[in-house]
file input-v3.csv (CSV, C-alpha atoms and all ligand atoms)
chain,number,residue,atom,x,y,z
A,1,MET,CA,9.5,50.7,20.8
A,2,THR,CA,8.2,53.8,19.3
A,3,CYS,CA,4.6,54.2,18.3
A,4,LEU,CA,3.0,53.4,14.9
A,5,SER,CA,2.5,56.4,12.6
A,6,LEU,CA,-1.0,57.8,12.5
A,7,THR,CA,-1.8,56.2,9.2
A,8,ASP,CA,-0.5,52.8,10.2
A,9,ALA,CA,-2.4,53.0,13.5
A,10,GLN,CA,-5.5,53.7,11.4
A,11,ARG,CA,-4.8,50.9,9.0
A,12,LEU,CA,-4.3,48.5,12.0
A,13,GLN,CA,-7.6,49.7,13.5
A,14,ASN,CA,-9.4,49.1,10.2
A,15,TYR,CA,-7.9,45.6,9.8
A,16,MET,CA,-8.9,44.7,13.4
A,17,GLN,CA,-12.4,45.8,12.8
A,18,LYS,CA,-12.6,43.8,9.6
A,19,ALA,CA,-11.3,40.7,11.3
A,20,LYS,CA,-13.9,41.1,14.0
A,21,GLU,CA,-16.6,41.5,11.4
A,22,ARG,CA,-15.4,38.4,9.4
A,23,SER,CA,-15.5,36.3,12.6
A,24,ASN,CA,-19.3,37.1,12.8
A,25,HIS,CA,-19.9,35.5,9.4
A,26,PHE,CA,-17.8,32.4,9.7
A,27,ILE,CA,-19.8,29.2,9.4
A,28,GLY,CA,-18.1,27.4,6.5
A,29,TYR,CA,-14.9,26.2,8.1
A,30,PRO,CA,-14.4,23.8,11.0
A,31,ILE,CA,-13.1,26.3,13.5
A,32,ALA,CA,-14.4,26.7,17.0
A,33,GLN,CA,-14.6,30.4,18.1
A,34,ASP,CA,-15.9,30.0,21.7
A,35,PHE,CA,-12.5,30.3,23.4
A,36,ASP,CA,-11.1,32.9,25.8
A,37,TYR,CA,-7.4,32.6,26.4
A,38,SER,CA,-7.0,36.1,27.8
A,39,GLU,CA,-5.4,34.7,31.0
A,40,LEU,CA,-2.5,33.6,28.8
A,41,PHE,CA,-1.9,36.9,27.2
A,42,PRO,CA,1.2,37.7,29.3
A,43,LEU,CA,2.9,34.8,27.5
A,44,LEU,CA,2.7,36.6,24.2
A,45,ASN,CA,5.5,38.8,25.5
A,46,LEU,CA,7.8,35.8,25.7
A,47,PRO,CA,9.6,34.0,22.8
A,48,LEU,CA,8.6,30.5,23.7
A,49,ASN,CA,10.0,27.8,21.5
A,50,ASN,CA,9.7,24.0,21.8
A,51,VAL,CA,12.5,23.2,19.3
A,52,GLY,CA,13.1,19.5,19.0
A,53,ASP,CA,11.7,16.4,20.8
A,54,PRO,CA,9.0,17.3,23.4
A,55,THR,CA,10.2,14.5,25.7
A,56,ILE,CA,13.8,15.5,25.8
A,57,GLU,CA,14.7,18.7,27.5
A,58,SER,CA,16.5,21.3,25.4
A,59,THR,CA,19.2,23.8,26.3
A,60,TYR,CA,16.5,26.3,25.0
A,61,ASP,CA,14.8,26.3,28.3
A,62,LEU,CA,12.3,29.0,27.5
A,63,ASN,CA,9.7,26.5,26.3
A,64,SER,CA,6.4,24.9,27.2
A,65,ARG,CA,7.5,21.3,27.0
A,66,SER,CA,6.1,20.2,30.3
A,67,LEU,CA,2.6,21.4,29.3
A,68,GLU,CA,3.0,20.0,25.8
A,69,GLN,CA,3.8,16.6,27.2
A,70,GLU,CA,0.6,16.7,29.3
A,71,VAL,CA,-1.4,17.6,26.1
A,72,VAL,CA,0.2,14.7,24.3
A,73,GLU,CA,-0.5,12.3,27.2
A,74,TYR,CA,-4.1,13.5,27.3
A,75,PHE,CA,-4.6,12.6,23.6
A,76,ALA,CA,-2.6,9.4,23.8
A,77,LYS,CA,-5.0,8.3,26.4
A,78,LEU,CA,-8.1,9.5,24.5
A,79,PHE,CA,-6.9,7.6,21.4
A,80,LYS,CA,-6.0,4.5,23.5
A,81,ALA,CA,-2.4,4.5,22.4
A,82,PRO,CA,-0.4,1.5,23.7
A,83,VAL,CA,0.7,2.4,27.2
A,84,GLY,CA,4.5,2.9,27.3
A,85,ASN,CA,4.7,2.8,23.5
A,86,SER,CA,3.4,6.0,22.2
A,87,TRP,CA,4.9,9.3,21.3
A,88,GLY,CA,3.7,12.6,19.8
A,89,TYR,CA,4.0,16.3,19.7
A,90,VAL,CA,2.0,19.5,19.1
A,91,THR,CA,2.3,20.3,15.4
A,92,ASN,CA,1.4,23.4,13.3
A,93,GLY,CA,-1.8,21.7,12.3
A,94,GLY,CA,-3.4,18.6,10.8
A,95,SER,CA,-1.3,18.7,7.6
A,96,GLU,CA,2.0,18.5,9.5
A,97,GLY,CA,0.6,15.6,11.5
A,98,ASN,CA,-0.4,13.8,8.3
A,99,LEU,CA,3.0,14.4,6.9
A,100,TYR,CA,4.6,12.9,10.0
A,101,GLY,CA,2.4,9.9,10.0
A,102,LEU,CA,3.3,9.2,6.4
A,103,TYR,CA,6.9,9.9,7.1
A,104,VAL,CA,6.9,7.2,9.8
A,105,ALA,CA,5.1,4.8,7.5
A,106,ARG,CA,7.7,5.4,4.8
A,107,GLU,CA,10.6,4.8,7.2
A,108,LEU,CA,8.9,1.4,8.0
A,109,PHE,CA,8.0,0.5,4.4
A,110,SER,CA,10.0,2.5,1.9
A,111,ASN,CA,8.3,0.6,-1.0
A,112,GLY,CA,4.8,0.9,0.4
A,113,ILE,CA,1.9,2.3,-1.6
A,114,VAL,CA,-0.3,4.9,0.0
A,115,TYR,CA,-4.0,4.4,-0.6
A,116,TYR,CA,-6.3,7.4,0.0
A,117,SER,CA,-9.7,8.3,-1.1
A,118,GLU,CA,-10.5,11.1,-3.6
A,119,ALA,CA,-12.3,13.0,-0.7
A,120,THR,CA,-8.9,13.3,1.1
A,121,HIS,CA,-7.6,16.7,2.1
A,122,TYR,CA,-5.5,18.4,-0.5
A,123,SER,CA,-2.4,18.5,1.7
A,124,VAL,CA,-2.1,14.7,1.6
A,125,GLN,CA,-1.2,14.5,-2.0
A,126,LYS,CA,1.5,17.1,-1.5
A,127,ASN,CA,2.9,15.2,1.5
A,128,ILE,CA,3.0,12.0,-0.6
A,129,GLN,CA,5.0,13.9,-3.3
A,130,LEU,CA,7.4,15.4,-0.7
A,131,LEU,CA,8.0,11.9,0.7
A,132,ASN,CA,8.4,10.4,-2.8
A,133,LEU,CA,5.9,7.7,-2.0
A,134,GLN,CA,3.9,5.7,-4.5
A,135,SER,CA,0.1,6.2,-4.2
A,136,ILE,CA,-3.2,5.2,-5.5
A,137,VAL,CA,-6.4,7.2,-5.3
A,138,ILE,CA,-9.5,5.2,-4.2
A,139,ARG,CA,-13.0,6.1,-5.3
A,140,THR,CA,-15.5,7.4,-2.8
A,141,MET,CA,-19.1,6.6,-2.2
A,142,PRO,CA,-21.7,9.4,-2.5
A,143,ASN,CA,-21.4,10.3,1.2
A,144,GLY,CA,-17.6,10.8,0.9
A,145,GLU,CA,-16.6,7.5,2.5
A,146,MET,CA,-13.9,5.4,0.8
A,147,ASP,CA,-15.3,2.8,-1.6
A,148,TYR,CA,-14.0,-0.4,0.0
A,149,ASP,CA,-14.6,-2.5,-3.1
A,150,ASP,CA,-12.2,-0.3,-5.0
A,151,LEU,CA,-9.7,-0.4,-2.2
A,152,ARG,CA,-9.9,-4.2,-2.1
A,153,GLU,CA,-9.4,-4.4,-5.8
A,154,MET,CA,-6.4,-2.0,-5.8
A,155,VAL,CA,-4.7,-3.7,-2.9
A,156,ARG,CA,-5.2,-7.1,-4.5
A,157,MET,CA,-3.5,-5.9,-7.7
A,158,HIS,CA,-0.5,-4.7,-5.7
A,159,ARG,CA,-0.4,-7.3,-2.9
A,160,ASP,CA,3.3,-7.8,-3.1
A,161,GLN,CA,3.9,-4.3,-1.8
A,162,PRO,CA,3.3,-2.9,1.7
A,163,VAL,CA,-0.1,-1.2,2.2
A,164,ILE,CA,-0.3,2.3,3.7
A,165,VAL,CA,-3.9,3.4,4.1
A,166,LEU,CA,-4.6,7.0,4.9
A,167,ALA,CA,-8.1,6.8,6.5
A,168,ASN,CA,-10.3,9.9,6.9
A,169,ILE,CA,-12.0,10.5,10.2
A,170,GLY,CA,-14.1,13.2,8.9
A,171,THR,CA,-13.5,14.3,5.3
A,172,THR,CA,-13.1,18.0,4.5
A,173,MET,CA,-16.3,18.4,2.5
A,174,THR,CA,-18.8,16.0,4.0
A,175,GLU,CA,-17.2,14.7,7.3
A,176,ALA,CA,-17.3,11.1,6.1
A,177,LYS,CA,-15.4,8.5,8.1
A,178,ASP,CA,-13.6,5.6,6.7
A,179,ASP,CA,-14.2,2.3,8.6
A,180,LEU,CA,-10.9,0.8,9.9
A,181,SER,CA,-12.6,-2.6,10.6
A,182,ILE,CA,-13.4,-3.0,6.9
A,183,ILE,CA,-10.0,-1.9,5.9
A,184,GLN,CA,-8.3,-4.4,8.2
A,185,ASP,CA,-10.7,-7.1,7.0
A,186,ILE,CA,-9.3,-6.5,3.5
A,187,PHE,CA,-5.7,-6.9,4.9
A,188,ARG,CA,-6.7,-10.2,6.5
A,189,LYS,CA,-8.5,-11.6,3.5
A,190,LEU,CA,-5.7,-10.7,1.1
A,191,ALA,CA,-3.1,-11.9,3.6
A,192,ILE,CA,-1.3,-8.5,3.6
A,193,LYS,CA,1.5,-8.8,6.2
A,194,ASN,CA,3.0,-5.3,5.9
A,195,HIS,CA,0.4,-2.7,6.5
A,196,TYR,CA,0.1,0.7,8.2
A,197,ILE,CA,-3.0,2.9,8.9
A,198,HIS,CA,-2.7,6.6,9.5
A,199,CYS,CA,-5.9,8.4,10.5
A,200,ASP,CA,-6.4,11.9,9.3
A,201,ALA,CA,-8.6,12.9,12.2
A,202,ALA,CA,-7.9,16.6,11.8
A,203,LEU,CA,-11.6,17.5,11.6
A,204,ALA,CA,-13.5,15.1,13.7
A,205,GLY,CA,-11.0,13.2,15.8
A,206,THR,CA,-11.3,14.9,19.1
A,207,TYR,CA,-15.1,14.9,19.5
A,208,SER,CA,-15.5,11.5,17.8
A,209,ALA,CA,-13.2,9.9,20.4
A,210,LEU,CA,-14.7,11.8,23.3
A,211,LEU,CA,-18.2,10.7,22.3
A,212,GLU,CA,-17.0,7.2,21.3
A,213,LEU,CA,-18.7,7.6,18.0
A,214,LYS,CA,-18.7,4.6,15.6
A,215,PRO,CA,-16.8,3.5,13.6
A,216,GLY,CA,-13.9,3.6,16.1
A,217,PHE,CA,-10.5,4.7,14.7
A,218,ASP,CA,-8.2,4.7,17.7
A,219,PHE,CA,-5.1,2.5,18.3
A,220,VAL,CA,-7.3,-0.3,19.8
A,221,HIS,CA,-9.3,-0.2,16.5
A,222,GLY,CA,-6.1,-0.6,14.5
A,223,CYS,CA,-4.5,2.7,13.6
A,224,ASP,CA,-0.8,3.2,13.7
A,225,SER,CA,-0.8,7.0,13.9
A,226,ILE,CA,-3.3,9.7,14.3
A,227,ALA,CA,-3.2,13.4,13.4
A,228,ILE,CA,-5.7,16.0,14.6
A,229,SER,CA,-6.0,19.8,14.3
A,230,GLY,CA,-6.0,21.8,17.6
A,231,HIS,CA,-7.5,25.0,16.1
A,232,LYS,CA,-10.6,23.2,14.9
A,233,PHE,CA,-12.8,21.6,17.6
A,234,ILE,CA,-10.6,22.6,20.6
A,235,GLY,CA,-10.1,26.1,19.3
A,236,SER,CA,-6.9,28.3,19.2
A,237,PRO,CA,-6.0,31.7,17.9
A,238,ILE,CA,-2.9,30.1,16.3
A,239,PRO,CA,-3.3,27.1,14.0
A,240,CYS,CA,-2.0,24.0,15.7
A,241,GLY,CA,-2.5,20.2,15.9
A,242,LEU,CA,-1.1,17.1,17.3
A,243,VAL,CA,0.2,13.8,16.1
A,244,ILE,CA,0.5,10.5,18.0
A,245,VAL,CA,2.5,7.5,16.7
A,246,LYS,CA,3.6,4.3,18.2
A,247,LYS,CA,6.9,5.0,19.8
A,248,ASN,CA,8.9,2.1,18.4
A,249,TYR,CA,8.1,3.5,14.9
A,250,LYS,CA,9.2,7.0,15.8
A,251,GLU,CA,12.5,5.7,17.0
A,252,ARG,CA,13.6,5.2,13.4
A,253,ILE,CA,13.5,9.0,13.1
A,254,GLY,CA,15.7,11.7,14.5
A,255,LYS,CA,19.2,12.5,15.5
A,256,VAL,CA,20.6,14.1,18.6
A,257,ILE,CA,21.6,17.6,17.8
A,258,PRO,CA,24.3,19.1,20.1
A,259,TYR,CA,23.3,22.7,19.2
A,260,ILE,CA,19.8,22.3,20.7
A,261,GLY,CA,20.7,19.7,23.3
A,262,THR,CA,17.8,17.5,22.3
A,263,SER,CA,16.7,15.2,19.5
A,264,ASP,CA,15.5,16.4,16.1
A,265,THR,CA,12.5,14.1,15.9
A,266,THR,CA,9.9,16.6,14.6
A,267,ILE,CA,9.4,18.1,11.1
A,268,SER,CA,10.2,21.7,11.7
A,269,GLY,CA,13.1,23.1,13.7
A,270,SER,CA,11.7,25.9,15.9
A,271,ARG,CA,8.2,24.8,17.1
A,272,ASN,CA,5.4,27.0,18.5
A,273,GLY,CA,5.7,27.2,22.2
A,274,HIS,CA,2.4,29.0,22.7
A,275,SER,CA,0.0,26.7,21.0
A,276,PRO,CA,0.6,23.8,23.4
A,277,VAL,CA,-0.3,26.2,26.2
A,278,PHE,CA,-3.6,27.1,24.5
A,279,MET,CA,-4.4,23.4,24.1
A,280,TRP,CA,-3.4,22.6,27.6
A,281,TYR,CA,-5.5,25.5,29.0
A,282,ALA,CA,-8.6,24.4,27.0
A,283,ILE,CA,-8.3,20.7,28.2
A,284,LYS,CA,-7.8,21.7,31.8
A,285,LYS,CA,-10.5,24.4,31.9
A,286,LEU,CA,-13.2,22.4,30.1
A,287,GLY,CA,-12.1,18.9,31.1
A,288,SER,CA,-13.3,15.8,29.1
A,289,GLU,CA,-16.9,16.4,30.4
A,290,GLY,CA,-16.9,20.0,29.3
A,291,LEU,CA,-15.5,19.1,25.9
A,292,LYS,CA,-18.1,16.3,25.5
A,293,GLN,CA,-20.8,18.8,26.4
A,294,ARG,CA,-19.6,21.2,23.8
A,295,ALA,CA,-19.6,18.4,21.2
A,296,LEU,CA,-23.2,17.4,22.0
A,297,GLU,CA,-24.4,21.0,21.8
A,298,ALA,CA,-22.6,21.4,18.4
A,299,LEU,CA,-24.3,18.2,17.1
A,300,GLU,CA,-27.6,19.6,18.2
A,301,VAL,CA,-27.0,22.8,16.3
A,302,ALA,CA,-26.0,20.7,13.2
A,303,GLU,CA,-29.3,18.8,13.4
A,304,TYR,CA,-31.1,22.1,13.8
A,305,ALA,CA,-29.3,23.6,10.8
A,306,LEU,CA,-30.2,20.6,8.7
A,307,ASN,CA,-33.9,20.8,9.6
A,308,ARG,CA,-34.0,24.5,8.9
A,309,LEU,CA,-32.5,24.0,5.5
A,310,LYS,CA,-34.9,21.2,4.7
A,311,GLN,CA,-37.9,23.3,5.8
A,312,LEU,CA,-36.8,25.9,3.2
A,313,GLY,CA,-36.9,23.1,0.6
A,314,VAL,CA,-33.1,23.0,0.3
A,315,LYS,CA,-31.7,19.5,-0.5
A,316,ALA,CA,-29.5,19.4,2.6
A,317,TRP,CA,-28.0,16.3,4.2
A,318,ARG,CA,-25.4,15.2,6.8
A,319,ASN,CA,-23.5,12.1,7.6
A,320,GLU,CA,-24.4,10.4,10.9
A,321,ASN,CA,-23.1,12.3,13.9
A,322,ALA,CA,-21.5,15.0,11.7
A,323,LEU,CA,-21.2,18.7,12.5
A,324,THR,CA,-21.1,19.3,8.7
A,325,VAL,CA,-24.3,20.0,6.9
A,326,VAL,CA,-24.0,19.7,3.1
A,327,PHE,CA,-26.3,21.5,0.6
A,328,PRO,CA,-26.2,22.8,-3.0
A,329,GLU,CA,-24.1,25.9,-3.2
A,330,PRO,CA,-26.0,29.1,-2.7
A,331,SER,CA,-25.3,32.4,-4.5
A,332,VAL,CA,-21.7,33.8,-4.8
A,333,TYR,CA,-22.7,36.7,-2.6
A,334,LEU,CA,-23.8,34.4,0.3
A,335,ARG,CA,-20.8,32.1,-0.2
A,336,SER,CA,-18.4,34.9,0.2
A,337,LYS,CA,-20.3,36.7,2.9
A,338,TRP,CA,-20.5,33.6,5.1
A,339,GLN,CA,-17.2,32.1,4.0
A,340,LEU,CA,-18.8,28.9,2.7
A,341,ALA,CA,-16.2,26.5,1.1
A,342,SER,CA,-17.6,25.0,-2.1
A,343,GLU,CA,-16.7,22.1,-4.3
A,344,ASN,CA,-18.4,20.4,-7.2
A,345,GLY,CA,-21.6,22.5,-6.7
A,346,MET,CA,-21.8,21.7,-2.9
A,347,SER,CA,-21.3,23.9,0.1
A,348,HIS,CA,-21.4,23.2,3.7
A,349,ILE,CA,-22.0,24.7,7.1
A,350,ILE,CA,-19.8,23.3,9.9
A,351,CYS,CA,-21.5,23.7,13.3
A,352,MET,CA,-18.4,24.0,15.4
A,353,PRO,CA,-18.7,25.3,19.0
A,354,GLY,CA,-19.3,29.0,18.9
A,355,ILE,CA,-22.0,28.8,16.2
A,356,GLY,CA,-25.3,29.0,18.0
A,357,LYS,CA,-28.8,28.5,16.6
A,358,GLU,CA,-29.1,32.3,16.3
A,359,LYS,CA,-26.3,32.3,13.8
A,360,ILE,CA,-28.0,29.6,11.8
A,361,ASP,CA,-31.2,31.5,11.9
A,362,GLU,CA,-29.4,34.6,10.7
A,363,PHE,CA,-28.0,32.7,7.7
A,364,ILE,CA,-31.2,30.9,6.9
A,365,ALA,CA,-33.1,34.2,6.9
A,366,GLU,CA,-30.7,35.6,4.3
A,367,LEU,CA,-30.8,32.4,2.3
A,368,ALA,CA,-34.6,32.4,2.3
A,369,GLN,CA,-34.5,36.0,1.0
A,370,HIS,CA,-32.1,35.1,-1.8
A,371,MET,CA,-34.2,32.1,-2.8
A,372,GLN,CA,-37.3,34.3,-2.9
A,373,HIS,CA,-35.5,36.9,-5.0
A,374,GLU,CA,-34.3,34.2,-7.4
A,375,ARG,CA,-37.8,32.8,-7.8
A,376,GLU,CA,-39.1,36.3,-8.5
A,377,GLN,CA,-36.5,36.8,-11.2
A,378,TYR,CA,-37.4,33.5,-12.9
A,379,SER,CA,-41.1,34.3,-12.9
A,380,HIS,CA,-40.6,37.6,-14.7
B,401,LIG,C1,-8.3,20.8,8.2
B,401,LIG,C2,-8.0,19.4,7.7
B,401,LIG,C3,-6.7,19.0,7.4
B,401,LIG,C4,-5.5,20.0,7.5
B,401,LIG,O1,-5.3,20.4,8.8
B,401,LIG,P1,-4.6,21.8,9.1
B,401,LIG,O2,-4.7,21.9,10.5
B,401,LIG,O3,-5.4,22.9,8.3
B,401,LIG,O4,-3.2,21.7,8.6
B,401,LIG,C5,-6.4,17.8,7.0
B,401,LIG,N1,-7.5,16.9,6.8
B,401,LIG,C6,-8.7,17.2,7.1
B,401,LIG,C7,-9.8,16.2,6.9
B,401,LIG,C8,-9.0,18.5,7.6
B,401,LIG,O5,-10.3,18.8,7.8

call {"tool": "encode", "arguments": {"input": "input-v3.csv", "output": "structure tokens"}}
result
Amino acid sequence: MTCLSLTDAQRLQNYMQKAKERSNHFIGYPIAQDFDYSELFPLLNLPLNNVGDPTIESTYDLNSRSLEQEVVEYFAKLFKAPVGNSWGYVTNGGSEGNLYGLYVARELFSNGIVYYSEATHYSVQKNIQLLNLQSIVIRTMPNGEMDYDDLREMVRMHRDQPVIVLANIGTTMTEAKDDLSIIQDIFRKLAIKNHYIHCDAALAGTYSALLELKPGFDFVHGCDSIAISGHKFIGSPIPCGLVIVKKNYKERIGKVIPYIGTSDTTISGSRNGHSPVFMWYAIKKLGSEGLKQRALEALEVAEYALNRLKQLGVKAWRNENALTVVFPEPSVYLRSKWQLASENGMSHIICMPGIGKEKIDEFIAELAQHMQHEREQYSH
């Protein structure tokens, strides 16, 4: 390849500097930044592709299937999937995993209704539309958790149809967790025979399972499929995720495609062959103990951030064991500088690994300055 022109080389330099700068003010999205995958960089010169089913070898042998399978096994075990009856793959992110879970649910119950709370990630509504499923939005409680009374009432009104619940294990804004035991209790009391629970655990699934936080949401606790994001808590330069379903469900999906010599059981055709290697590397390098340690440290930073905000007189709060600290949205300047997502007048800091107490201090100092400035303006 020839070289970039001088102007393009300069533009690239500028862009790379800007990206680096933006990564230093990045506390509003649930993305870990403490990774180092440089050992894997030689792989970036190879067109890895995991096209098709991860458990069936493909003629496209330039892939990372063997490592992908280990990643899937790791999470199947972590989420206590039924031994011998689980299947999964590394996705492009949590959204694809949610789409897959709902796809499986629809293949089982084509006339089912999807119940999901209003705090659910925006991608779910789109997925429901793509799958042409019926759905009902359930109210939330102030902390972002599903309002179970509303769920009970809605299910009761439609008890002749199968129930598909999309449960949040960490909502986008407040990291609230829906309680599977209460949801299953509703199924029992209303004698619902055909039901399915998909857990959107994109945000909090990995560390909640590692730390065995309550309420439990894994297969033993009653879920039928789980989706997580890989680029959030684990951390990856490329967005990725993972979905696990019961294998007997997945067997309703997918055809053998002679062209790729494997089965087409996933959503996309070509699949990222690099991201499973990143996930594999992180799991192997840190191990469950290392990952747990990271989670505990992140929880400590979240507690620290909450206390610092409260000391400033900010009405901040967090759900139990959440990395997300919620507070009234600060000025537009701070929101854009620190990339703070906001909704209905609320912002949040998400203390993912890579955000240390110094980073929180830096933000708090700026926030304090802005608050002081605002007070002065009002007093004039
Ligand atoms: C991030 C997130 C998603 C979407 O995951 P992507 O990896 O961005 O596709 C879905 N649900 C929740 C709760 C999330 O936090």

call {"tool": "closest_atom_pairs", "arguments": {"input": "input-v3.csv", "of": "chain A", "to": "ligand LIG 401 (chain B)", "cutoff": "6 Å", "atoms": "all atoms listed in the file", "output": "CSV"}}
result
residue,atom,partner,partner_atom,distance
A:Gly93,CA,B:LIG401,O2,3.4
A:Gly94,CA,B:LIG401,O1,3.3
A:Ser95,CA,B:LIG401,O4,3.7
A:His121,CA,B:LIG401,N1,4.7
A:Gly170,CA,B:LIG401,C7,5.6
A:Thr171,CA,B:LIG401,C7,4.5
A:Thr172,CA,B:LIG401,O5,4.4
A:Asp200,CA,B:LIG401,N1,5.7
A:Ala202,CA,B:LIG401,C8,4.7
A:Leu203,CA,B:LIG401,O5,4.2
A:Ser229,CA,B:LIG401,O2,4.5

call {"tool": "closest_residue", "arguments": {"input": "input-v3.csv", "among": "A:His221, A:Arg318, A:His373, A:Arg271", "to": "Leu48 (chain A)", "atoms": "all atoms listed in the file"}}
result
A:Arg271

call {"tool": "residues_around", "arguments": {"input": "input-v3.csv", "residues": "region 63-69 of chain A", "least_positions_apart": "2", "cutoff": "12 Å", "atoms": "all atoms listed in the file", "output": "NGL selection string"}}
result
:A and (43 or 46-61 or 71-76 or 86-91 or 240-244 or 262 or 270-284)

call {"tool": "atom_distance", "arguments": {"input": "input-v3.csv", "atom1": "CA of Tyr148 (chain A)", "atom2": "CA of Tyr249 (chain A)"}}
result
26.9 Å

call {"tool": "residues_around", "arguments": {"input": "input-v3.csv", "residues": "Asp149 (chain A)", "least_positions_apart": "6", "cutoff": "10 Å", "atoms": "only C-alpha atoms", "output": "list in words"}}
result
Ile138, Arg139, Thr140, Val155 and Ile186 of chain A

call {"tool": "atom_distance", "arguments": {"input": "input-v3.csv", "atom1": "CA of Leu340 (chain A)", "atom2": "CA of Gly354 (chain A)"}}
result
16.2 Å

call {"tool": "residues_near_point", "arguments": {"input": "input-v3.csv", "point": "(-12.2, 6.5, 6.6)", "cutoff": "12 Å", "atoms": "all atoms listed in the file", "output": "PyMOL selection string"}}
result
chain A and resi 115-120+138-141+143-148+151+165-172+174-184+197-201+204-205+214-218+223

call {"tool": "closest_residue", "arguments": {"input": "input-v3.csv", "among": "A:Ser225, A:Gln311, A:Asn319, A:Asn85", "to": "Glu251 (chain A)", "atoms": "all atoms listed in the file"}}
result
A:Asn85

call {"tool": "closest_residue", "arguments": {"input": "input-v3.csv", "among": "A:Ile257, A:Ala302, A:Cys351, A:Val137", "to": "Tyr29 (chain A)", "atoms": "all atoms listed in the file"}}
result
A:Cys351

call {"tool": "closest_residue", "arguments": {"input": "input-v3.csv", "among": "A:Val245, A:Leu99, A:Ala227, A:Leu210", "to": "Val83 (chain A)", "atoms": "only C-alpha atoms"}}
result
A:Val245

call {"tool": "atom_distance", "arguments": {"input": "input-v3.csv", "atom1": "CA of Ser38 (chain A)", "atom2": "CA of Ser23 (chain A)"}}
result
17.4 Å

call {"tool": "residues_near_point", "arguments": {"input": "input-v3.csv", "point": "(-22.8, 22.1, 12.0)", "cutoff": "7 Å", "atoms": "only C-alpha atoms", "output": "VMD selection string"}}
result
chain A and resid 298 to 299 301 to 302 305 323 to 325 349 to 352

call {"tool": "write_last_selection", "arguments": {"input": "input-v3.csv", "atoms": "C-alpha atoms", "output": "short mmCIF file (atom, residue, chain, number, x, y, z; two decimals), keeping the file's coordinate frame"}}
result
data_model
loop_
_atom_site.label_atom_id
_atom_site.label_comp_id
_atom_site.auth_asym_id
_atom_site.auth_seq_id
_atom_site.Cartn_x
_atom_site.Cartn_y
_atom_site.Cartn_z
CA ALA A 298 -22.60 21.40 18.40
CA LEU A 299 -24.30 18.20 17.10
CA VAL A 301 -27.00 22.80 16.30
CA ALA A 302 -26.00 20.70 13.20
CA ALA A 305 -29.30 23.60 10.80
CA LEU A 323 -21.20 18.70 12.50
CA THR A 324 -21.10 19.30 8.70
CA VAL A 325 -24.30 20.00 6.90
CA ILE A 349 -22.00 24.70 7.10
CA ILE A 350 -19.80 23.30 9.90
CA CYS A 351 -21.50 23.70 13.30
CA MET A 352 -18.40 24.00 15.40
#

call {"tool": "closest_residue", "arguments": {"input": "input-v3.csv", "among": "A:Leu213, A:Glu107, A:Lys285, A:Gly230", "to": "Glu39 (chain A)", "atoms": "all atoms listed in the file"}}
result
A:Lys285

call {"tool": "closest_residue", "arguments": {"input": "input-v3.csv", "among": "A:Leu306, A:Ile27, A:Leu190, A:Leu4", "to": "Glu320 (chain A)", "atoms": "all atoms listed in the file"}}
result
A:Leu306
